[in-house]
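Before any comments, here is the structure.
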Amino acid sequence: MATRTVRPTVTPTSEPDSTSGSAIRLGFWAAALTTVVATVFAVAAVATPARSGPFCGAACVPPPYVDVARFIPGDYLWLIPGILLAPVFVVLVACIHGYSAETKKTFSRIALSFAVSYAVVILVNYFVQFTVVIPSLQSGETQSLSLFTQYDPHGFFIALEVLAYLMMSVAFWAAAPVFTGGRAERTIRRLFALNFPLALAAFVGFWLLRHDLVAVEVTVLMINWLVLIVAGTLVSLVFRRAGRRWMK
């Protein structure tokens, strides 16, 4: 008697495709906006004169770094694109997580966790500048304020910035395995993978050489800006191509 082989019926579901499609569409705009905001952030930060620390050339603000009310609001405008970048970056990494293959979801989840951590730290840091430090400086309430100003090279502001952007670097590093496709994806993968080792090397190197923490901040920021601008552009292209394939 012949036996009949019964093959299991596989019912396709459109939910994963629908989810990926939403991530791809939103990811394109998030990547493009990341490039724009990061560019504005970098230009505004570089254009803001250094008033203290190792990069101050002339007319530097002396300790305790609280005689700076005359520099408000000009010296704080660069923080605005930095605030905008935080939620945009989280959305971008969330879209990368939605775009990633199922076998790479663990990496993208780790990346998203560190992206959220970066956003929380940097938003708290910058929000305190606008809501606590600036009003205190303008009203002359400067007692015990030195450690919280952005001008103190050994203060909380610089330390939290370094911590936040190191966590952004880890988010890049964790997201690198997601991109395994063509030339653009391979370039994104290399940029993401190199970001954290370079940032960590800068942190350790400057610490061993006993350089000011401001040097670490500037170096890590420049590394992240470069990756945000270049990789942001490439990720938007990847999402745009993926969106066209998904629509077919």
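Every chain in the structure tokens takes a letter, A first, then B, and so on in the order presented; its residues are numbered from 1, and the ligands are numbered from 1 following the presented order.
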- Message: Can you pull out the residues contacting Val204 of chain A? Cut-off 9 Å, using only C-alpha atoms, and skip same-chain residues under 5 positions away; I want them as a PyMOL selection string.
- Response: chain A and resi 199+209+216
Phe239 of chain A: which residues within 12 Å, counting only C-alpha atoms, same-chain residues fewer than 6 positions away excluded, as a short mmCIF file (atom, residue, chain, number, x, y, z; two decimals) with C-alpha atoms, in the first residue's frame?
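Output saved as result07.cif:
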data_model
loop_
_atom_site.label_atom_id
_atom_site.label_comp_id
_atom_site.auth_asym_id
_atom_site.auth_seq_id
_atom_site.Cartn_x
_atom_site.Cartn_y
_atom_site.Cartn_z
CA SER A 20 9.45 46.30 6.69
CA GLY A 21 7.76 48.58 4.19
CA SER A 22 6.83 51.07 6.91
CA ALA A 23 10.37 50.98 8.30
CA ILE A 24 11.84 51.52 4.83
CA ARG A 25 9.58 54.47 4.01
CA LEU A 26 10.11 56.19 7.35
CA GLY A 27 13.77 55.23 7.36
CA PHE A 28 14.42 57.06 4.10
CA TRP A 29 13.16 60.34 5.56
CA ALA A 30 14.86 59.73 8.91
CA ALA A 31 18.21 59.07 7.20
CA ALA A 32 17.87 62.16 4.99
CA LEU A 92 16.64 56.10 12.22
CA CYS A 95 13.92 51.89 11.17
CA ILE A 96 17.22 50.06 10.70
CA GLY A 98 12.72 47.13 11.17
CA TYR A 99 14.73 46.79 7.96
CA SER A 100 17.19 44.21 9.34
CA PHE A 179 24.09 45.91 6.23
CA GLY A 181 24.11 43.94 0.57
CA ALA A 184 26.53 51.12 -0.47
CA GLU A 185 25.64 48.70 2.32
CA ALA A 231 26.36 57.07 6.28
CA GLY A 232 23.09 58.98 6.64
CA THR A 233 23.23 59.79 2.93
CA ARG A 245 11.83 46.84 -4.71
CA TRP A 246 9.21 46.48 -1.98
#
- If you measure from atom CA of Val162 of chain A to atom CA of Ala42 of chain A, what distance in Å do you get, rounded to one decimal?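 A separation of 15.5 Å between them.
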- Taking the backbone alone, and naming residues the way the document does, which bits of segment 3-234 of chain A are alpha helix (DSSP H) by DSSP, as JSON, numbers by chain? {"A": [15, 16, 17, 18, 19, 20, 21, 22, 23, 24, 25, 26, 27, 28, 29, 30, 31, 32, 33, 34, 35, 36, 37, 38, 39, 40, 41, 42, 43, 44, 45, 46, 47, 79, 80, 81, 82, 83, 84, 85, 86, 87, 88, 89, 90, 91, 92, 93, 94, 95, 96, 97, 98, 99, 105, 106, 107, 108, 109, 110, 111, 112, 113, 114, 115, 116, 117, 118, 119, 120, 121, 122, 123, 124, 125, 126, 127, 128, 134, 135, 136, 137, 138, 156, 157, 158, 159, 160, 161, 162, 163, 164, 165, 166, 167, 168, 169, 170, 171, 172, 173, 174, 175, 183, 184, 185, 186, 187, 188, 189, 190, 191, 192, 193, 194, 195, 196, 197, 198, 199, 200, 201, 202, 203, 204, 205, 206, 207, 208, 213, 214, 215, 216, 217, 218, 219, 220, 221, 222, 223, 224, 225, 226, 227, 228, 229, 230, 231, 232, 233, 234]}
- Item | Given only C-alpha atoms as the counted atoms, nearest of A:Cys60, A:Val36, A:Val128, A:Val116 to Tyr165 of chain A | A:Val116
- Message: Show me, as a PyMOL selection string, the residues that have an atom within 10 Å of Leu191 of chain A when counting only C-alpha atoms, minus same-chain residues fewer than 5 positions from it.
- Response: chain A and resi 172-173+176+185-186+196+223-224+226-228+230-231
Those same residues - N, CA and C atoms - I'd like them written as a PDB file, in the first residue's frame.
ATOM      1  N   PHE A 172      26.183  52.638  16.457  1.00  0.00           N
ATOM      2  CA  PHE A 172      26.665  52.426  15.093  1.00  0.00           C
ATOM      3  C   PHE A 172      27.317  51.048  14.960  1.00  0.00           C
ATOM      4  N   TRP A 173      28.200  50.756  15.902  1.00  0.00           N
ATOM      5  CA  TRP A 173      28.966  49.501  15.864  1.00  0.00           C
ATOM      6  C   TRP A 173      28.041  48.284  15.898  1.00  0.00           C
ATOM      7  N   ALA A 176      26.155  47.709  12.540  1.00  0.00           N
ATOM      8  CA  ALA A 176      26.959  47.397  11.347  1.00  0.00           C
ATOM      9  C   ALA A 176      26.602  46.070  10.701  1.00  0.00           C
ATOM     10  N   GLU A 185      25.801  49.338   1.015  1.00  0.00           N
ATOM     11  CA  GLU A 185      25.637  48.705   2.322  1.00  0.00           C
ATOM     12  C   GLU A 185      26.982  48.294   2.917  1.00  0.00           C
ATOM     13  N   ARG A 186      27.883  47.839   2.089  1.00  0.00           N
ATOM     14  CA  ARG A 186      29.213  47.483   2.597  1.00  0.00           C
ATOM     15  C   ARG A 186      29.947  48.714   3.120  1.00  0.00           C
ATOM     16  N   PHE A 196      33.059  53.160  16.515  1.00  0.00           N
ATOM     17  CA  PHE A 196      33.317  52.948  17.942  1.00  0.00           C
ATOM     18  C   PHE A 196      34.794  52.689  18.250  1.00  0.00           C
ATOM     19  N   ILE A 223      34.187  62.521  14.671  1.00  0.00           N
ATOM     20  CA  ILE A 223      34.033  61.171  14.113  1.00  0.00           C
ATOM     21  C   ILE A 223      32.559  60.866  13.871  1.00  0.00           C
ATOM     22  N   ASN A 224      31.713  61.177  14.853  1.00  0.00           N
ATOM     23  CA  ASN A 224      30.287  60.889  14.718  1.00  0.00           C
ATOM     24  C   ASN A 224      29.628  61.749  13.657  1.00  0.00           C
ATOM     25  N   LEU A 226      31.000  62.913  10.948  1.00  0.00           N
ATOM     26  CA  LEU A 226      31.385  62.372   9.647  1.00  0.00           C
ATOM     27  C   LEU A 226      30.552  61.148   9.295  1.00  0.00           C
ATOM     28  N   VAL A 227      30.402  60.231  10.254  1.00  0.00           N
ATOM     29  CA  VAL A 227      29.629  59.016  10.000  1.00  0.00           C
ATOM     30  C   VAL A 227      28.152  59.346   9.806  1.00  0.00           C
ATOM     31  N   LEU A 228      27.611  60.259  10.606  1.00  0.00           N
ATOM     32  CA  LEU A 228      26.201  60.634  10.465  1.00  0.00           C
ATOM     33  C   LEU A 228      25.911  61.219   9.089  1.00  0.00           C
ATOM     34  N   VAL A 230      27.873  61.063   6.147  1.00  0.00           N
ATOM     35  CA  VAL A 230      28.147  60.170   5.017  1.00  0.00           C
ATOM     36  C   VAL A 230      27.235  58.952   5.043  1.00  0.00           C
ATOM     37  N   ALA A 231      27.181  58.264   6.187  1.00  0.00           N
ATOM     38  CA  ALA A 231      26.356  57.065   6.283  1.00  0.00           C
ATOM     39  C   ALA A 231      24.871  57.408   6.206  1.00  0.00           C
TER      40      ALA A 231
END
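Remark: for Gly82 of chain A, the closest of the candidate residues A:Trp207, A:Phe148, A:Phe156, A:Tyr126 is A:Tyr126 (distances computed over only C-alpha atoms).
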Polymer residues at most 10 Å from Val214 of chain A, only C-alpha atoms, same-chain spacing of 5 or more positions, as a PDB file with N, CA and C atoms, in the first residue's frame:
ATOM      1  N   SER A  52      37.116  78.590  26.233  1.00  0.00           N
ATOM      2  CA  SER A  52      37.962  78.014  27.276  1.00  0.00           C
ATOM      3  C   SER A  52      38.536  76.700  26.766  1.00  0.00           C
ATOM      4  N   GLY A  53      39.386  76.077  27.586  1.00  0.00           N
ATOM      5  CA  GLY A  53      39.931  74.787  27.197  1.00  0.00           C
ATOM      6  C   GLY A  53      41.093  74.901  26.230  1.00  0.00           C
ATOM      7  N   PRO A  54      41.574  73.769  25.710  1.00  0.00           N
ATOM      8  CA  PRO A  54      42.788  73.746  24.890  1.00  0.00           C
ATOM      9  C   PRO A  54      42.630  74.394  23.524  1.00  0.00           C
ATOM     10  N   PHE A  55      41.398  74.586  23.046  1.00  0.00           N
ATOM     11  CA  PHE A  55      41.192  75.143  21.708  1.00  0.00           C
ATOM     12  C   PHE A  55      40.886  76.637  21.735  1.00  0.00           C
ATOM     13  N   TYR A 151      31.403  75.816  29.469  1.00  0.00           N
ATOM     14  CA  TYR A 151      32.734  76.402  29.359  1.00  0.00           C
ATOM     15  C   TYR A 151      33.753  75.723  30.267  1.00  0.00           C
ATOM     16  N   ASP A 152      33.295  74.999  31.267  1.00  0.00           N
ATOM     17  CA  ASP A 152      34.212  74.329  32.185  1.00  0.00           C
ATOM     18  C   ASP A 152      34.752  73.066  31.517  1.00  0.00           C
ATOM     19  N   PRO A 153      36.056  73.018  31.195  1.00  0.00           N
ATOM     20  CA  PRO A 153      36.609  71.849  30.489  1.00  0.00           C
ATOM     21  C   PRO A 153      36.622  70.583  31.333  1.00  0.00           C
ATOM     22  N   HIS A 154      36.359  70.716  32.635  1.00  0.00           N
ATOM     23  CA  HIS A 154      36.325  69.543  33.507  1.00  0.00           C
ATOM     24  C   HIS A 154      34.948  69.371  34.146  1.00  0.00           C
ATOM     25  N   GLY A 155      33.931  69.944  33.510  1.00  0.00           N
ATOM     26  CA  GLY A 155      32.601  69.940  34.094  1.00  0.00           C
ATOM     27  C   GLY A 155      31.726  68.797  33.629  1.00  0.00           C
ATOM     28  N   ILE A 158      30.764  68.558  29.571  1.00  0.00           N
ATOM     29  CA  ILE A 158      31.699  67.883  28.680  1.00  0.00           C
ATOM     30  C   ILE A 158      31.691  66.377  28.925  1.00  0.00           C
ATOM     31  N   ALA A 159      31.659  65.989  30.209  1.00  0.00           N
ATOM     32  CA  ALA A 159      31.683  64.557  30.543  1.00  0.00           C
ATOM     33  C   ALA A 159      30.453  63.842  29.994  1.00  0.00           C
ATOM     34  N   GLU A 161      28.586  64.817  27.479  1.00  0.00           N
ATOM     35  CA  GLU A 161      28.679  64.790  26.017  1.00  0.00           C
ATOM     36  C   GLU A 161      29.537  63.624  25.542  1.00  0.00           C
ATOM     37  N   VAL A 162      30.690  63.446  26.158  1.00  0.00           N
ATOM     38  CA  VAL A 162      31.568  62.338  25.770  1.00  0.00           C
ATOM     39  C   VAL A 162      30.856  61.005  25.982  1.00  0.00           C
ATOM     40  N   PHE A 206      43.757  59.861  24.655  1.00  0.00           N
ATOM     41  CA  PHE A 206      43.849  61.170  25.302  1.00  0.00           C
ATOM     42  C   PHE A 206      43.938  61.041  26.824  1.00  0.00           C
ATOM     43  N   THR A 219      37.046  65.307  19.328  1.00  0.00           N
ATOM     44  CA  THR A 219      37.411  64.197  18.448  1.00  0.00           C
ATOM     45  C   THR A 219      36.241  63.247  18.222  1.00  0.00           C
ATOM     46  N   VAL A 220      35.577  62.859  19.304  1.00  0.00           N
ATOM     47  CA  VAL A 220      34.448  61.935  19.186  1.00  0.00           C
ATOM     48  C   VAL A 220      33.304  62.573  18.407  1.00  0.00           C
TER      49      VAL A 220
END
- Task: Please provide the set of residues having any atom within 6 Å of segment 118-121 of chain A, restricted to only C-alpha atoms, with same-chain residues fewer than 3 positions apart removed, written as number ranges by chain.
- Result: A: 86, 115, 124, 164, 167-168
- Task: Can you pull out every residue within 12 Å of Ser139 of chain A, counting only C-alpha atoms, but drop anything in the same chain fewer than 2 positions away, and send it as an NGL selection string?
- Result: :A and (66-70 or 132-137 or 141-143)
Selection file, N, CA and C atoms, as a PDB file, in the first residue's frame:
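Contents of result31.pdb, as written:
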ATOM      1  N   VAL A  66      31.849  81.521  34.788  1.00  0.00           N
ATOM      2  CA  VAL A  66      30.461  81.980  34.937  1.00  0.00           C
ATOM      3  C   VAL A  66      30.262  83.405  34.450  1.00  0.00           C
ATOM      4  N   ASP A  67      31.337  84.093  34.063  1.00  0.00           N
ATOM      5  CA  ASP A  67      31.208  85.443  33.528  1.00  0.00           C
ATOM      6  C   ASP A  67      30.996  85.355  32.011  1.00  0.00           C
ATOM      7  N   VAL A  68      29.889  84.752  31.624  1.00  0.00           N
ATOM      8  CA  VAL A  68      29.646  84.446  30.210  1.00  0.00           C
ATOM      9  C   VAL A  68      28.261  84.882  29.734  1.00  0.00           C
ATOM     10  N   ALA A  69      27.547  85.653  30.548  1.00  0.00           N
ATOM     11  CA  ALA A  69      26.182  86.041  30.179  1.00  0.00           C
ATOM     12  C   ALA A  69      26.163  86.822  28.865  1.00  0.00           C
ATOM     13  N   ARG A  70      27.255  87.537  28.560  1.00  0.00           N
ATOM     14  CA  ARG A  70      27.311  88.327  27.331  1.00  0.00           C
ATOM     15  C   ARG A  70      27.358  87.466  26.076  1.00  0.00           C
ATOM     16  N   VAL A 132      18.318  75.582  33.081  1.00  0.00           N
ATOM     17  CA  VAL A 132      18.950  75.837  34.370  1.00  0.00           C
ATOM     18  C   VAL A 132      20.138  76.787  34.233  1.00  0.00           C
ATOM     19  N   VAL A 133      21.086  76.445  33.376  1.00  0.00           N
ATOM     20  CA  VAL A 133      22.332  77.198  33.296  1.00  0.00           C
ATOM     21  C   VAL A 133      22.111  78.593  32.727  1.00  0.00           C
ATOM     22  N   ILE A 134      21.449  78.698  31.571  1.00  0.00           N
ATOM     23  CA  ILE A 134      21.259  80.010  30.949  1.00  0.00           C
ATOM     24  C   ILE A 134      20.471  80.960  31.846  1.00  0.00           C
ATOM     25  N   PRO A 135      19.306  80.575  32.394  1.00  0.00           N
ATOM     26  CA  PRO A 135      18.599  81.496  33.294  1.00  0.00           C
ATOM     27  C   PRO A 135      19.422  81.896  34.513  1.00  0.00           C
ATOM     28  N   SER A 136      20.197  80.953  35.050  1.00  0.00           N
ATOM     29  CA  SER A 136      21.035  81.267  36.215  1.00  0.00           C
ATOM     30  C   SER A 136      22.119  82.272  35.857  1.00  0.00           C
ATOM     31  N   LEU A 137      22.749  82.090  34.695  1.00  0.00           N
ATOM     32  CA  LEU A 137      23.779  83.029  34.252  1.00  0.00           C
ATOM     33  C   LEU A 137      23.202  84.421  34.022  1.00  0.00           C
ATOM     34  N   GLU A 141      22.850  84.270  39.228  1.00  0.00           N
ATOM     35  CA  GLU A 141      22.843  83.221  40.252  1.00  0.00           C
ATOM     36  C   GLU A 141      23.898  82.178  39.874  1.00  0.00           C
ATOM     37  N   THR A 142      25.139  82.511  40.112  1.00  0.00           N
ATOM     38  CA  THR A 142      26.237  81.700  39.586  1.00  0.00           C
ATOM     39  C   THR A 142      26.956  80.865  40.647  1.00  0.00           C
ATOM     40  N   GLN A 143      26.493  80.919  41.883  1.00  0.00           N
ATOM     41  CA  GLN A 143      27.158  80.142  42.917  1.00  0.00           C
ATOM     42  C   GLN A 143      27.016  78.637  42.648  1.00  0.00           C
TER      43      GLN A 143
END
- Task: Select, from A:Leu33, A:Ala201, A:Leu234, A:Val178, the residue with the minimum atom-to-atom distance to Thr106 of chain A, counting only C-alpha atoms.
- Result: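 Closest to Thr106 of chain A of all the choices is A:Val178.
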If we count only C-alpha atoms, what is near Asn195 of chain A at a cut-off of 6 Å, once residues fewer than 3 positions away on the same chain are taken out, given as a PDB file with C-alpha atoms, in the first residue's frame?
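Printed below is result_17.pdb as written:
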ATOM      1  CA  SER A 169      29.294  55.105  18.549  1.00  0.00           C
ATOM      2  CA  PHE A 192      29.522  51.902  11.398  1.00  0.00           C
ATOM      3  CA  LEU A 198      38.120  55.084  16.652  1.00  0.00           C
TER       4      LEU A 198
END
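Restricting the calculation to only C-alpha atoms, the smallest distance between Ala94 of chain A and any of A:Ala59, A:Leu213, A:Ala175, A:Leu145 is found for A:Ala175.
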